file query.tsv (TSV, N, CA and C atoms)
chain	number	residue	atom	x	y	z
V	136	LEU	N	0.79	-1.20	0.00
V	136	LEU	CA	0.00	0.00	0.00
V	136	LEU	C	0.84	1.26	0.00
V	137	GLU	N	2.14	1.15	0.24
V	137	GLU	CA	2.96	2.34	0.26
V	137	GLU	C	2.99	3.05	-1.07
V	138	GLU	N	2.78	2.33	-2.15
V	138	GLU	CA	2.83	2.94	-3.46
V	138	GLU	C	1.48	2.90	-4.16
V	139	SER	N	0.41	2.75	-3.41
V	139	SER	CA	-0.91	2.80	-4.02
V	139	SER	C	-1.89	3.46	-3.06
V	140	LEU	N	-2.92	3.97	-3.63
V	140	LEU	CA	-3.97	4.64	-2.88
V	140	LEU	C	-5.29	4.10	-3.39
V	141	ARG	N	-6.08	3.50	-2.53
V	141	ARG	CA	-7.38	2.93	-2.91
V	141	ARG	C	-8.44	3.98	-2.56
V	142	VAL	N	-9.24	4.35	-3.56
V	142	VAL	CA	-10.25	5.38	-3.38
V	142	VAL	C	-11.62	4.73	-3.53
V	143	HIS	N	-12.38	4.74	-2.47
V	143	HIS	CA	-13.75	4.20	-2.52
V	143	HIS	C	-14.66	5.37	-2.88
V	144	VAL	N	-14.95	5.48	-4.15
V	144	VAL	CA	-15.79	6.56	-4.65
V	144	VAL	C	-17.26	6.15	-4.51
V	145	PRO	N	-18.11	7.12	-4.26
V	145	PRO	CA	-19.53	6.78	-4.14
V	145	PRO	C	-20.18	6.63	-5.51
V	146	VAL	N	-19.64	5.73	-6.34
V	146	VAL	CA	-20.22	5.45	-7.65
V	146	VAL	C	-20.79	4.05	-7.61
V	147	HIS	N	-22.10	3.98	-7.66
V	147	HIS	CA	-22.81	2.71	-7.60
V	147	HIS	C	-23.63	2.54	-8.87
V	148	PHE	N	-24.15	1.35	-9.07
V	148	PHE	CA	-24.89	1.03	-10.29
V	148	PHE	C	-26.25	0.46	-9.94
V	149	ASP	N	-27.19	0.69	-10.84
V	149	ASP	CA	-28.50	0.07	-10.69
V	149	ASP	C	-28.37	-1.43	-10.93
V	150	PHE	N	-29.34	-2.18	-10.46
V	150	PHE	CA	-29.34	-3.63	-10.60
V	150	PHE	C	-29.23	-4.02	-12.07
V	151	ASP	N	-28.28	-4.90	-12.37
V	151	ASP	CA	-28.07	-5.46	-13.70
V	151	ASP	C	-27.76	-4.39	-14.75
V	152	GLN	N	-27.18	-3.27	-14.33
V	152	GLN	CA	-26.85	-2.18	-15.25
V	152	GLN	C	-25.36	-1.84	-15.15
V	153	ALA	N	-24.84	-1.28	-16.24
V	153	ALA	CA	-23.43	-0.89	-16.27
V	153	ALA	C	-23.26	0.56	-16.69
V	154	GLU	N	-24.33	1.31	-16.82
V	154	GLU	CA	-24.23	2.71	-17.20
V	154	GLU	C	-23.95	3.55	-15.96
V	155	VAL	N	-23.01	4.49	-16.10
V	155	VAL	CA	-22.73	5.41	-15.01
V	155	VAL	C	-23.92	6.35	-14.88
V	156	ARG	N	-24.43	6.47	-13.68
V	156	ARG	CA	-25.60	7.30	-13.45
V	156	ARG	C	-25.20	8.78	-13.49
V	157	PRO	N	-26.06	9.63	-14.05
V	157	PRO	CA	-25.72	11.06	-14.15
V	157	PRO	C	-25.32	11.69	-12.83
V	158	GLY	N	-25.93	11.26	-11.73
V	158	GLY	CA	-25.60	11.82	-10.43
V	158	GLY	C	-24.20	11.47	-9.94
V	159	ASP	N	-23.56	10.48	-10.57
V	159	ASP	CA	-22.22	10.05	-10.15
V	159	ASP	C	-21.11	10.68	-10.99
V	160	LEU	N	-21.46	11.45	-12.00
V	160	LEU	CA	-20.45	12.03	-12.88
V	160	LEU	C	-19.59	13.07	-12.17
V	161	GLU	N	-20.18	13.84	-11.26
V	161	GLU	CA	-19.43	14.88	-10.57
V	161	GLU	C	-18.25	14.31	-9.78
V	162	VAL	N	-18.47	13.20	-9.07
V	162	VAL	CA	-17.39	12.61	-8.30
V	162	VAL	C	-16.29	12.06	-9.22
V	163	LEU	N	-16.68	11.54	-10.38
V	163	LEU	CA	-15.67	11.06	-11.33
V	163	LEU	C	-14.90	12.23	-11.93
V	164	ASP	N	-15.58	13.35	-12.17
V	164	ASP	CA	-14.90	14.56	-12.65
V	164	ASP	C	-13.85	15.01	-11.62
V	165	ARG	N	-14.25	15.03	-10.36
V	165	ARG	CA	-13.31	15.44	-9.30
V	165	ARG	C	-12.14	14.47	-9.20
V	166	PHE	N	-12.43	13.17	-9.28
V	166	PHE	CA	-11.35	12.19	-9.22
V	166	PHE	C	-10.36	12.40	-10.37
V	167	ALA	N	-10.86	12.57	-11.58
V	167	ALA	CA	-9.99	12.77	-12.74
V	167	ALA	C	-9.14	14.02	-12.56
V	168	GLY	N	-9.72	15.08	-12.03
V	168	GLY	CA	-8.97	16.31	-11.81
V	168	GLY	C	-7.87	16.15	-10.77
V	169	VAL	N	-8.20	15.53	-9.65
V	169	VAL	CA	-7.22	15.34	-8.58
V	169	VAL	C	-6.12	14.37	-9.02
V	170	ALA	N	-6.50	13.25	-9.62
V	170	ALA	CA	-5.49	12.27	-10.06
V	170	ALA	C	-4.58	12.89	-11.12
V	171	GLY	N	-5.16	13.63	-12.05
V	171	GLY	CA	-4.35	14.25	-13.09
V	171	GLY	C	-3.41	15.31	-12.56
V	172	ARG	N	-3.86	16.05	-11.58
V	172	ARG	CA	-3.05	17.14	-11.02
V	172	ARG	C	-1.97	16.64	-10.07
V	173	TYR	N	-2.32	15.75	-9.15
V	173	TYR	CA	-1.40	15.35	-8.09
V	173	TYR	C	-0.68	14.03	-8.36
V	174	TYR	N	-1.19	13.22	-9.27
V	174	TYR	CA	-0.57	11.93	-9.61
V	174	TYR	C	-0.50	11.77	-11.14
V	175	PRO	N	0.13	12.72	-11.83
V	175	PRO	CA	0.09	12.69	-13.30
V	175	PRO	C	0.76	11.47	-13.93
V	176	GLY	N	1.71	10.85	-13.28
V	176	GLY	CA	2.39	9.69	-13.84
V	176	GLY	C	1.88	8.36	-13.32
V	177	ALA	N	0.84	8.41	-12.52
V	177	ALA	CA	0.33	7.20	-11.88
V	177	ALA	C	-0.51	6.37	-12.84
V	178	HIS	N	-0.65	5.11	-12.48
V	178	HIS	CA	-1.57	4.21	-13.17
V	178	HIS	C	-2.81	4.07	-12.29
V	179	VAL	N	-3.96	4.04	-12.93
V	179	VAL	CA	-5.22	3.92	-12.22
V	179	VAL	C	-5.89	2.62	-12.65
V	180	THR	N	-6.35	1.87	-11.68
V	180	THR	CA	-7.12	0.66	-11.95
V	180	THR	C	-8.55	0.90	-11.50
V	181	VAL	N	-9.49	0.69	-12.40
V	181	VAL	CA	-10.91	0.77	-12.08
V	181	VAL	C	-11.37	-0.66	-11.82
V	182	GLU	N	-11.78	-0.94	-10.59
V	182	GLU	CA	-12.23	-2.27	-10.20
V	182	GLU	C	-13.75	-2.31	-10.18
V	183	GLY	N	-14.34	-3.21	-10.96
V	183	GLY	CA	-15.79	-3.33	-11.02
V	183	GLY	C	-16.30	-4.48	-10.17
V	184	PHE	N	-17.41	-4.23	-9.47
V	184	PHE	CA	-18.01	-5.22	-8.57
V	184	PHE	C	-19.51	-5.35	-8.82
V	185	THR	N	-20.05	-6.48	-8.42
V	185	THR	CA	-21.49	-6.74	-8.52
V	185	THR	C	-22.00	-7.27	-7.19
V	186	ASP	N	-23.32	-7.36	-7.09
V	186	ASP	CA	-23.86	-8.11	-5.95
V	186	ASP	C	-23.87	-9.59	-6.36
V	187	PRO	N	-24.15	-10.51	-5.45
V	187	PRO	CA	-24.06	-11.93	-5.79
V	187	PRO	C	-25.23	-12.51	-6.59
V	188	ALA	N	-26.19	-11.70	-7.02
V	188	ALA	CA	-27.27	-12.21	-7.87
V	188	ALA	C	-26.67	-12.59	-9.22
V	189	GLY	N	-27.15	-13.64	-9.82
V	189	GLY	CA	-26.63	-14.07	-11.12
V	189	GLY	C	-25.47	-15.04	-10.96
V	190	SER	N	-25.06	-15.61	-12.08
V	190	SER	CA	-23.97	-16.58	-12.05
V	190	SER	C	-22.63	-15.87	-11.89
V	191	THR	N	-21.64	-16.61	-11.45
V	191	THR	CA	-20.30	-16.06	-11.30
V	191	THR	C	-19.78	-15.52	-12.62
V	192	ALA	N	-19.97	-16.26	-13.70
V	192	ALA	CA	-19.49	-15.83	-15.02
V	192	ALA	C	-20.20	-14.55	-15.46
V	193	TYR	N	-21.52	-14.50	-15.27
V	193	TYR	CA	-22.27	-13.30	-15.65
V	193	TYR	C	-21.79	-12.10	-14.85
V	194	ASN	N	-21.59	-12.29	-13.55
V	194	ASN	CA	-21.18	-11.19	-12.70
V	194	ASN	C	-19.77	-10.69	-13.05
V	195	LEU	N	-18.89	-11.57	-13.47
V	195	LEU	CA	-17.57	-11.11	-13.93
V	195	LEU	C	-17.72	-10.23	-15.17
V	196	ARG	N	-18.59	-10.62	-16.08
V	196	ARG	CA	-18.81	-9.80	-17.28
V	196	ARG	C	-19.47	-8.46	-16.92
V	197	LEU	N	-20.45	-8.48	-16.03
V	197	LEU	CA	-21.12	-7.26	-15.62
V	197	LEU	C	-20.16	-6.33	-14.90
V	198	GLY	N	-19.34	-6.87	-14.00
V	198	GLY	CA	-18.34	-6.06	-13.31
V	198	GLY	C	-17.37	-5.43	-14.29
V	199	GLN	N	-17.01	-6.17	-15.34
V	199	GLN	CA	-16.10	-5.63	-16.36
V	199	GLN	C	-16.78	-4.51	-17.14
V	200	ARG	N	-18.04	-4.67	-17.47
V	200	ARG	CA	-18.76	-3.61	-18.19
V	200	ARG	C	-18.84	-2.35	-17.33
V	201	ARG	N	-19.02	-2.51	-16.05
V	201	ARG	CA	-19.06	-1.34	-15.14
V	201	ARG	C	-17.70	-0.66	-15.09
V	202	ALA	N	-16.65	-1.45	-14.93
V	202	ALA	CA	-15.31	-0.88	-14.89
V	202	ALA	C	-14.97	-0.21	-16.22
V	203	ASP	N	-15.34	-0.83	-17.33
V	203	ASP	CA	-15.09	-0.25	-18.66
V	203	ASP	C	-15.82	1.08	-18.83
V	204	ALA	N	-17.05	1.16	-18.33
V	204	ALA	CA	-17.83	2.39	-18.46
V	204	ALA	C	-17.16	3.53	-17.70
V	205	VAL	N	-16.67	3.26	-16.50
V	205	VAL	CA	-16.00	4.29	-15.72
V	205	VAL	C	-14.67	4.66	-16.37
V	206	ARG	N	-13.93	3.67	-16.85
V	206	ARG	CA	-12.67	3.94	-17.54
V	206	ARG	C	-12.91	4.86	-18.73
V	207	ALA	N	-13.91	4.54	-19.54
V	207	ALA	CA	-14.22	5.36	-20.72
V	207	ALA	C	-14.55	6.79	-20.31
V	208	TYR	N	-15.31	6.96	-19.24
V	208	TYR	CA	-15.65	8.30	-18.79
V	208	TYR	C	-14.41	9.06	-18.33
V	209	LEU	N	-13.53	8.39	-17.57
V	209	LEU	CA	-12.30	9.06	-17.11
V	209	LEU	C	-11.43	9.47	-18.28
V	210	MET	N	-11.40	8.68	-19.33
V	210	MET	CA	-10.61	9.04	-20.51
V	210	MET	C	-11.20	10.28	-21.19
V	211	VAL	N	-12.52	10.38	-21.24
V	211	VAL	CA	-13.15	11.57	-21.81
V	211	VAL	C	-12.78	12.80	-20.98
V	212	GLN	N	-12.56	12.60	-19.70
V	212	GLN	CA	-12.19	13.69	-18.82
V	212	GLN	C	-10.70	14.03	-18.90
V	213	GLY	N	-9.98	13.37	-19.79
V	213	GLY	CA	-8.58	13.72	-20.03
V	213	GLY	C	-7.56	12.78	-19.45
V	214	MET	N	-7.99	11.72	-18.77
V	214	MET	CA	-7.00	10.78	-18.24
V	214	MET	C	-6.42	9.96	-19.38
V	215	ASN	N	-5.14	9.65	-19.28
V	215	ASN	CA	-4.42	8.90	-20.30
V	215	ASN	C	-4.88	7.44	-20.31
V	216	GLY	N	-5.44	7.01	-21.44
V	216	GLY	CA	-5.95	5.65	-21.56
V	216	GLY	C	-4.90	4.58	-21.36
V	217	GLU	N	-3.64	4.90	-21.61
V	217	GLU	CA	-2.58	3.93	-21.38
V	217	GLU	C	-2.27	3.76	-19.90
V	218	ARG	N	-2.77	4.67	-19.09
V	218	ARG	CA	-2.52	4.62	-17.65
V	218	ARG	C	-3.75	4.25	-16.84
V	219	VAL	N	-4.85	3.94	-17.53
V	219	VAL	CA	-6.08	3.56	-16.84
V	219	VAL	C	-6.50	2.19	-17.35
V	220	ARG	N	-6.64	1.24	-16.43
V	220	ARG	CA	-7.10	-0.09	-16.84
V	220	ARG	C	-8.35	-0.44	-16.05
V	221	ALA	N	-9.11	-1.35	-16.60
V	221	ALA	CA	-10.36	-1.77	-15.98
V	221	ALA	C	-10.32	-3.27	-15.74
V	222	VAL	N	-10.69	-3.69	-14.53
V	222	VAL	CA	-10.75	-5.11	-14.17
V	222	VAL	C	-12.06	-5.38	-13.44
V	223	SER	N	-12.46	-6.63	-13.45
V	223	SER	CA	-13.67	-7.03	-12.76
V	223	SER	C	-13.35	-8.03	-11.66
V	224	TYR	N	-13.99	-7.83	-10.52
V	224	TYR	CA	-13.96	-8.81	-9.45
V	224	TYR	C	-15.34	-9.43	-9.25
V	225	GLY	N	-16.28	-9.02	-10.09
V	225	GLY	CA	-17.62	-9.59	-10.03
V	225	GLY	C	-18.18	-9.58	-8.62
V	226	GLU	N	-18.61	-10.75	-8.17
V	226	GLU	CA	-19.24	-10.89	-6.85
V	226	GLU	C	-18.25	-11.38	-5.80
V	227	ASN	N	-16.97	-11.17	-5.98
V	227	ASN	CA	-15.95	-11.67	-5.07
V	227	ASN	C	-16.41	-11.53	-3.62
V	228	THR	N	-16.67	-12.66	-2.98
V	228	THR	CA	-17.25	-12.64	-1.64
V	228	THR	C	-16.34	-12.02	-0.59
V	229	GLU	N	-15.05	-11.99	-0.84
V	229	GLU	CA	-14.14	-11.36	0.11
V	229	GLU	C	-14.20	-9.84	0.02
V	230	ARG	N	-14.79	-9.31	-1.04
V	230	ARG	CA	-14.82	-7.86	-1.24
V	230	ARG	C	-16.24	-7.29	-1.21
V	231	LEU	N	-17.23	-8.09	-0.82
V	231	LEU	CA	-18.59	-7.58	-0.71
V	231	LEU	C	-18.67	-6.59	0.45
V	232	VAL	N	-19.35	-5.49	0.23
V	232	VAL	CA	-19.57	-4.52	1.30
V	232	VAL	C	-20.69	-5.00	2.21
V	233	ALA	N	-21.73	-5.55	1.60
V	233	ALA	CA	-22.87	-6.08	2.34
V	233	ALA	C	-23.05	-7.54	1.95
V	234	PRO	N	-22.35	-8.46	2.65
V	234	PRO	CA	-22.42	-9.87	2.28
V	234	PRO	C	-23.86	-10.38	2.19
V	235	GLY	N	-24.14	-11.07	1.08
V	235	GLY	CA	-25.45	-11.67	0.88
V	235	GLY	C	-26.51	-10.74	0.33
V	236	ALA	N	-26.31	-9.42	0.41
V	236	ALA	CA	-27.30	-8.48	-0.09
V	236	ALA	C	-27.27	-8.48	-1.61
V	237	GLN	N	-28.45	-8.67	-2.21
V	237	GLN	CA	-28.51	-8.79	-3.66
V	237	GLN	C	-29.90	-8.51	-4.17
V	238	GLY	N	-30.00	-8.38	-5.48
V	238	GLY	CA	-31.29	-8.28	-6.12
V	238	GLY	C	-31.69	-6.87	-6.49
V	239	PRO	N	-32.82	-6.78	-7.22
V	239	PRO	CA	-33.29	-5.46	-7.66
V	239	PRO	C	-33.74	-4.61	-6.47
V	240	GLY	N	-33.89	-3.36	-6.72
V	240	GLY	CA	-34.31	-2.45	-5.66
V	240	GLY	C	-33.12	-2.00	-4.83
V	241	ASP	N	-33.38	-1.66	-3.59
V	241	ASP	CA	-32.33	-1.13	-2.73
V	241	ASP	C	-31.43	-2.21	-2.14
V	242	GLU	N	-31.86	-3.46	-2.18
V	242	GLU	CA	-31.07	-4.54	-1.59
V	242	GLU	C	-29.80	-4.77	-2.41
V	243	GLY	N	-28.65	-4.70	-1.79
V	243	GLY	CA	-27.39	-5.00	-2.45
V	243	GLY	C	-26.74	-3.85	-3.18
V	244	TRP	N	-27.30	-2.65	-3.08
V	244	TRP	CA	-26.73	-1.52	-3.82
V	244	TRP	C	-25.28	-1.25	-3.45
V	245	GLU	N	-24.90	-1.51	-2.19
V	245	GLU	CA	-23.53	-1.23	-1.75
V	245	GLU	C	-22.51	-2.08	-2.50
V	246	ASN	N	-22.93	-3.25	-2.96
V	246	ASN	CA	-22.02	-4.16	-3.65
V	246	ASN	C	-21.87	-3.82	-5.14
V	247	ARG	N	-22.81	-3.10	-5.71
V	247	ARG	CA	-22.78	-2.75	-7.13
V	247	ARG	C	-22.03	-1.44	-7.30
V	248	ARG	N	-20.70	-1.54	-7.44
V	248	ARG	CA	-19.86	-0.35	-7.35
V	248	ARG	C	-18.58	-0.49	-8.15
V	249	VAL	N	-17.82	0.61	-8.17
V	249	VAL	CA	-16.44	0.57	-8.63
V	249	VAL	C	-15.56	1.11	-7.51
V	250	VAL	N	-14.32	0.66	-7.51
V	250	VAL	CA	-13.28	1.18	-6.63
V	250	VAL	C	-12.15	1.63	-7.54
V	251	LEU	N	-11.56	2.77	-7.25
V	251	LEU	CA	-10.46	3.29	-8.05
V	251	LEU	C	-9.18	3.18	-7.24
V	252	VAL	N	-8.14	2.62	-7.86
V	252	VAL	CA	-6.86	2.43	-7.21
V	252	VAL	C	-5.81	3.22	-7.98
V	253	ILE	N	-5.08	4.08	-7.28
V	253	ILE	CA	-4.00	4.86	-7.89
V	253	ILE	C	-2.69	4.20	-7.49
V	254	ASP	N	-1.96	3.69	-8.48
V	254	ASP	CA	-0.63	3.12	-8.24
V	254	ASP	C	0.39	4.14	-8.73
V	255	HIS	N	1.24	4.58	-7.81
V	255	HIS	CA	2.24	5.59	-8.18
V	255	HIS	C	3.63	5.07	-7.86
V	256	ASP	N	4.61	5.84	-8.23
V	256	ASP	CA	5.99	5.37	-8.12
V	256	ASP	C	6.58	5.55	-6.73
V	257	GLY	N	5.80	5.94	-5.78
V	257	GLY	CA	6.29	6.12	-4.42
V	257	GLY	C	6.77	7.52	-4.14
V	258	ALA	N	6.93	8.33	-5.17
V	258	ALA	CA	7.33	9.71	-4.98
V	258	ALA	C	6.16	10.47	-4.37
V	259	ALA	N	6.48	11.54	-3.68
V	259	ALA	CA	5.42	12.35	-3.08
V	259	ALA	C	4.56	12.93	-4.19
V	260	PRO	N	3.26	13.06	-3.95
V	260	PRO	CA	2.41	13.65	-4.98
V	260	PRO	C	2.81	15.10	-5.22
V	261	ALA	N	2.37	15.64	-6.33
V	261	ALA	CA	2.64	17.03	-6.65
V	261	ALA	C	2.13	17.91	-5.51
V	262	ALA	N	2.76	19.04	-5.29
V	262	ALA	CA	2.41	19.92	-4.16
V	262	ALA	C	0.98	20.41	-4.27
V	263	PHE	N	0.35	20.52	-3.09
V	263	PHE	CA	-1.03	21.04	-3.04
V	263	PHE	C	-1.03	22.51	-3.20
call {"tool": "encode", "arguments": {"input": "query.tsv", "output": "structure tokens"}}
result
Amino acid sequence: LEESLRVHVPVHFDFDQAEVRPGDLEVLDRFAGVAGRYYPGAHVTVEGFTDPAGSTAYNLRLGQRRADAVRAYLMVQGMNGERVRAVSYGENTERLVAPGAQGPGDEGWENRRVVLVIDHDGAAPAAF
């Protein structure tokens, strides 16, 4: 962790959806601005997650679509596509925020998310 920073952004997804909700764009705009300004040489990993509804294979694909959607948005905001990658952890039970919570509606919303990880070279970030 000395050379990475895990950012739990409040970006969640509707059940069985991978589109970034309009209300979540502001936080992604702020993330892109801060990462670009203070960690310009860093690599960013967008980690996509799902709730445990659906098959493991389906959830890996859905988590990837969510991560890809956020990656695409960050690139539109000026982040270097060669420095931003998207991965899926699907329903990884070790990373569920609300174990067992799933399904449409409000149940399981905490698990339908992305996490952004900034990997940097260990140098101090640019001055504030």
call {"tool": "closest_residue", "arguments": {"input": "query.tsv", "among": "V:Arg230, V:Ala167, V:Gln152, V:Tyr193", "to": "Gly213 of chain V", "atoms": "all atoms listed in the file"}}
result
V:Ala167
call {"tool": "atom_distance", "arguments": {"input": "query.tsv", "atom1": "atom N of Asp203 of chain V", "atom2": "atom CA of Ala221 of chain V"}}
result
5.2 Å
call {"tool": "closest_residue", "arguments": {"input": "query.tsv", "among": "V:His255, V:Arg247, V:Arg206, V:Arg196", "to": "Tyr174 of chain V", "atoms": "only N, CA and C atoms"}}
result
V:His255
call {"tool": "atom_distance", "arguments": {"input": "query.tsv", "atom1": "atom C of Gly198 of chain V", "atom2": "atom CA of Val181 of chain V"}}
result
9.2 Å
call {"tool": "residues_around", "arguments": {"input": "query.tsv", "residues": "Gly158 of chain V", "least_positions_apart": "6", "cutoff": "12 Å", "atoms": "only C-alpha atoms", "output": "JSON, numbers by chain"}}
result
{"V": [145, 146, 147, 148, 164]}
call {"tool": "residues_around", "arguments": {"input": "query.tsv", "residues": "Gly168 of chain V", "least_positions_apart": "2", "cutoff": "12 Å", "atoms": "only C-alpha atoms", "output": "PDB file with N, CA and C atoms, in the coordinates of the input"}}
result
ATOM      1  N   GLU V 161     -20.180  13.840 -11.260  1.00  0.00           N
ATOM      2  CA  GLU V 161     -19.430  14.880 -10.570  1.00  0.00           C
ATOM      3  C   GLU V 161     -18.250  14.310  -9.780  1.00  0.00           C
ATOM      4  N   VAL V 162     -18.470  13.200  -9.070  1.00  0.00           N
ATOM      5  CA  VAL V 162     -17.390  12.610  -8.300  1.00  0.00           C
ATOM      6  C   VAL V 162     -16.290  12.060  -9.220  1.00  0.00           C
ATOM      7  N   LEU V 163     -16.680  11.540 -10.380  1.00  0.00           N
ATOM      8  CA  LEU V 163     -15.670  11.060 -11.330  1.00  0.00           C
ATOM      9  C   LEU V 163     -14.900  12.230 -11.930  1.00  0.00           C
ATOM     10  N   ASP V 164     -15.580  13.350 -12.170  1.00  0.00           N
ATOM     11  CA  ASP V 164     -14.900  14.560 -12.650  1.00  0.00           C
ATOM     12  C   ASP V 164     -13.850  15.010 -11.620  1.00  0.00           C
ATOM     13  N   ARG V 165     -14.250  15.030 -10.360  1.00  0.00           N
ATOM     14  CA  ARG V 165     -13.310  15.440  -9.300  1.00  0.00           C
ATOM     15  C   ARG V 165     -12.140  14.470  -9.200  1.00  0.00           C
ATOM     16  N   PHE V 166     -12.430  13.170  -9.280  1.00  0.00           N
ATOM     17  CA  PHE V 166     -11.350  12.190  -9.220  1.00  0.00           C
ATOM     18  C   PHE V 166     -10.360  12.400 -10.370  1.00  0.00           C
ATOM     19  N   ALA V 170      -6.500  13.250  -9.620  1.00  0.00           N
ATOM     20  CA  ALA V 170      -5.490  12.270 -10.060  1.00  0.00           C
ATOM     21  C   ALA V 170      -4.580  12.890 -11.120  1.00  0.00           C
ATOM     22  N   GLY V 171      -5.160  13.630 -12.050  1.00  0.00           N
ATOM     23  CA  GLY V 171      -4.350  14.250 -13.090  1.00  0.00           C
ATOM     24  C   GLY V 171      -3.410  15.310 -12.560  1.00  0.00           C
ATOM     25  N   ARG V 172      -3.860  16.050 -11.580  1.00  0.00           N
ATOM     26  CA  ARG V 172      -3.050  17.140 -11.020  1.00  0.00           C
ATOM     27  C   ARG V 172      -1.970  16.640 -10.070  1.00  0.00           C
ATOM     28  N   TYR V 173      -2.320  15.750  -9.150  1.00  0.00           N
ATOM     29  CA  TYR V 173      -1.400  15.350  -8.090  1.00  0.00           C
ATOM     30  C   TYR V 173      -0.680  14.030  -8.360  1.00  0.00           C
ATOM     31  N   TYR V 174      -1.190  13.220  -9.270  1.00  0.00           N
ATOM     32  CA  TYR V 174      -0.570  11.930  -9.610  1.00  0.00           C
ATOM     33  C   TYR V 174      -0.500  11.770 -11.140  1.00  0.00           C
ATOM     34  N   PRO V 175       0.130  12.720 -11.830  1.00  0.00           N
ATOM     35  CA  PRO V 175       0.090  12.690 -13.300  1.00  0.00           C
ATOM     36  C   PRO V 175       0.760  11.470 -13.930  1.00  0.00           C
ATOM     37  N   LEU V 209     -13.530   8.390 -17.570  1.00  0.00           N
ATOM     38  CA  LEU V 209     -12.300   9.060 -17.110  1.00  0.00           C
ATOM     39  C   LEU V 209     -11.430   9.470 -18.280  1.00  0.00           C
ATOM     40  N   MET V 210     -11.400   8.680 -19.330  1.00  0.00           N
ATOM     41  CA  MET V 210     -10.610   9.040 -20.510  1.00  0.00           C
ATOM     42  C   MET V 210     -11.200  10.280 -21.190  1.00  0.00           C
ATOM     43  N   VAL V 211     -12.520  10.380 -21.240  1.00  0.00           N
ATOM     44  CA  VAL V 211     -13.150  11.570 -21.810  1.00  0.00           C
ATOM     45  C   VAL V 211     -12.780  12.800 -20.980  1.00  0.00           C
ATOM     46  N   GLN V 212     -12.560  12.600 -19.700  1.00  0.00           N
ATOM     47  CA  GLN V 212     -12.190  13.690 -18.820  1.00  0.00           C
ATOM     48  C   GLN V 212     -10.700  14.030 -18.900  1.00  0.00           C
ATOM     49  N   GLY V 213      -9.980  13.370 -19.790  1.00  0.00           N
ATOM     50  CA  GLY V 213      -8.580  13.720 -20.030  1.00  0.00           C
ATOM     51  C   GLY V 213      -7.560  12.780 -19.450  1.00  0.00           C
ATOM     52  N   MET V 214      -7.990  11.720 -18.770  1.00  0.00           N
ATOM     53  CA  MET V 214      -7.000  10.780 -18.240  1.00  0.00           C
ATOM     54  C   MET V 214      -6.420   9.960 -19.380  1.00  0.00           C
TER      55      MET V 214
END
call {"tool": "closest_residue", "arguments": {"input": "query.tsv", "among": "V:Ile253, V:Val222, V:Ala177, V:Ala236", "to": "Gln199 of chain V", "atoms": "only N, CA and C atoms"}}
result
V:Val222
call {"tool": "closest_residue", "arguments": {"input": "query.tsv", "among": "V:Gly238, V:Asn227, V:Gly243, V:Val252", "to": "Gly189 of chain V", "atoms": "all atoms listed in the file"}}
result
V:Gly238
call {"tool": "closest_residue", "arguments": {"input": "query.tsv", "among": "V:Leu160, V:Val179, V:Ala202, V:Val142", "to": "Val219 of chain V", "atoms": "all atoms listed in the file"}}
result
V:Val179
call {"tool": "closest_residue", "arguments": {"input": "query.tsv", "among": "V:Asp151, V:Asn215, V:Phe184, V:Asp159", "to": "Val250 of chain V", "atoms": "all atoms listed in the file"}}
result
V:Phe184
call {"tool": "atom_distance", "arguments": {"input": "query.tsv", "atom1": "atom CA of Gly176 of chain V", "atom2": "atom CA of Gly216 of chain V"}}
result
12.1 Å
call {"tool": "select_by_dssp", "arguments": {"input": "query.tsv", "residues": "chain V", "states": "strand (DSSP E or B)", "output": "list of chain:residue names"}}
result
V:Ser139, V:Leu140, V:Arg141, V:Val142, V:His147, V:His178, V:Val179, V:Thr180, V:Val181, V:Glu182, V:Gly183, V:Phe184, V:Val219, V:Arg220, V:Ala221, V:Val222, V:Ser223, V:Tyr224, V:Gly225, V:Arg248, V:Val249, V:Val250, V:Leu251, V:Val252, V:Ile253, V:Asp254
call {"tool": "residues_near_point", "arguments": {"input": "query.tsv", "point": "(-20.8, -8.0, -9.9)", "cutoff": "6 Å", "atoms": "all atoms listed in the file", "output": "mmCIF file with N, CA and C atoms, keeping the file's coordinate frame"}}
result
data_model
loop_
_atom_site.group_PDB
_atom_site.id
_atom_site.type_symbol
_atom_site.label_atom_id
_atom_site.label_comp_id
_atom_site.auth_asym_id
_atom_site.auth_seq_id
_atom_site.Cartn_x
_atom_site.Cartn_y
_atom_site.Cartn_z
ATOM 1 N N GLY V 183 -14.340 -3.210 -10.960
ATOM 2 C CA GLY V 183 -15.790 -3.330 -11.020
ATOM 3 C C GLY V 183 -16.300 -4.480 -10.170
ATOM 4 N N PHE V 184 -17.410 -4.230 -9.470
ATOM 5 C CA PHE V 184 -18.010 -5.220 -8.570
ATOM 6 C C PHE V 184 -19.510 -5.350 -8.820
ATOM 7 N N THR V 185 -20.050 -6.480 -8.420
ATOM 8 C CA THR V 185 -21.490 -6.740 -8.520
ATOM 9 C C THR V 185 -22.000 -7.270 -7.190
ATOM 10 N N ASP V 186 -23.320 -7.360 -7.090
ATOM 11 C CA ASP V 186 -23.860 -8.110 -5.950
ATOM 12 C C ASP V 186 -23.870 -9.590 -6.360
ATOM 13 N N ASN V 194 -21.590 -12.290 -13.550
ATOM 14 C CA ASN V 194 -21.180 -11.190 -12.700
ATOM 15 C C ASN V 194 -19.770 -10.690 -13.050
ATOM 16 N N LEU V 195 -18.890 -11.570 -13.470
ATOM 17 C CA LEU V 195 -17.570 -11.110 -13.930
ATOM 18 C C LEU V 195 -17.720 -10.230 -15.170
ATOM 19 N N LEU V 197 -20.450 -8.480 -16.030
ATOM 20 C CA LEU V 197 -21.120 -7.260 -15.620
ATOM 21 C C LEU V 197 -20.160 -6.330 -14.900
ATOM 22 N N GLY V 198 -19.340 -6.870 -14.000
ATOM 23 C CA GLY V 198 -18.340 -6.060 -13.310
ATOM 24 C C GLY V 198 -17.370 -5.430 -14.290
ATOM 25 N N TYR V 224 -13.990 -7.830 -10.520
ATOM 26 C CA TYR V 224 -13.960 -8.810 -9.450
ATOM 27 C C TYR V 224 -15.340 -9.430 -9.250
ATOM 28 N N GLY V 225 -16.280 -9.020 -10.090
ATOM 29 C CA GLY V 225 -17.620 -9.590 -10.030
ATOM 30 C C GLY V 225 -18.180 -9.580 -8.620
ATOM 31 N N GLU V 226 -18.610 -10.750 -8.170
ATOM 32 C CA GLU V 226 -19.240 -10.890 -6.850
ATOM 33 C C GLU V 226 -18.250 -11.380 -5.800
#
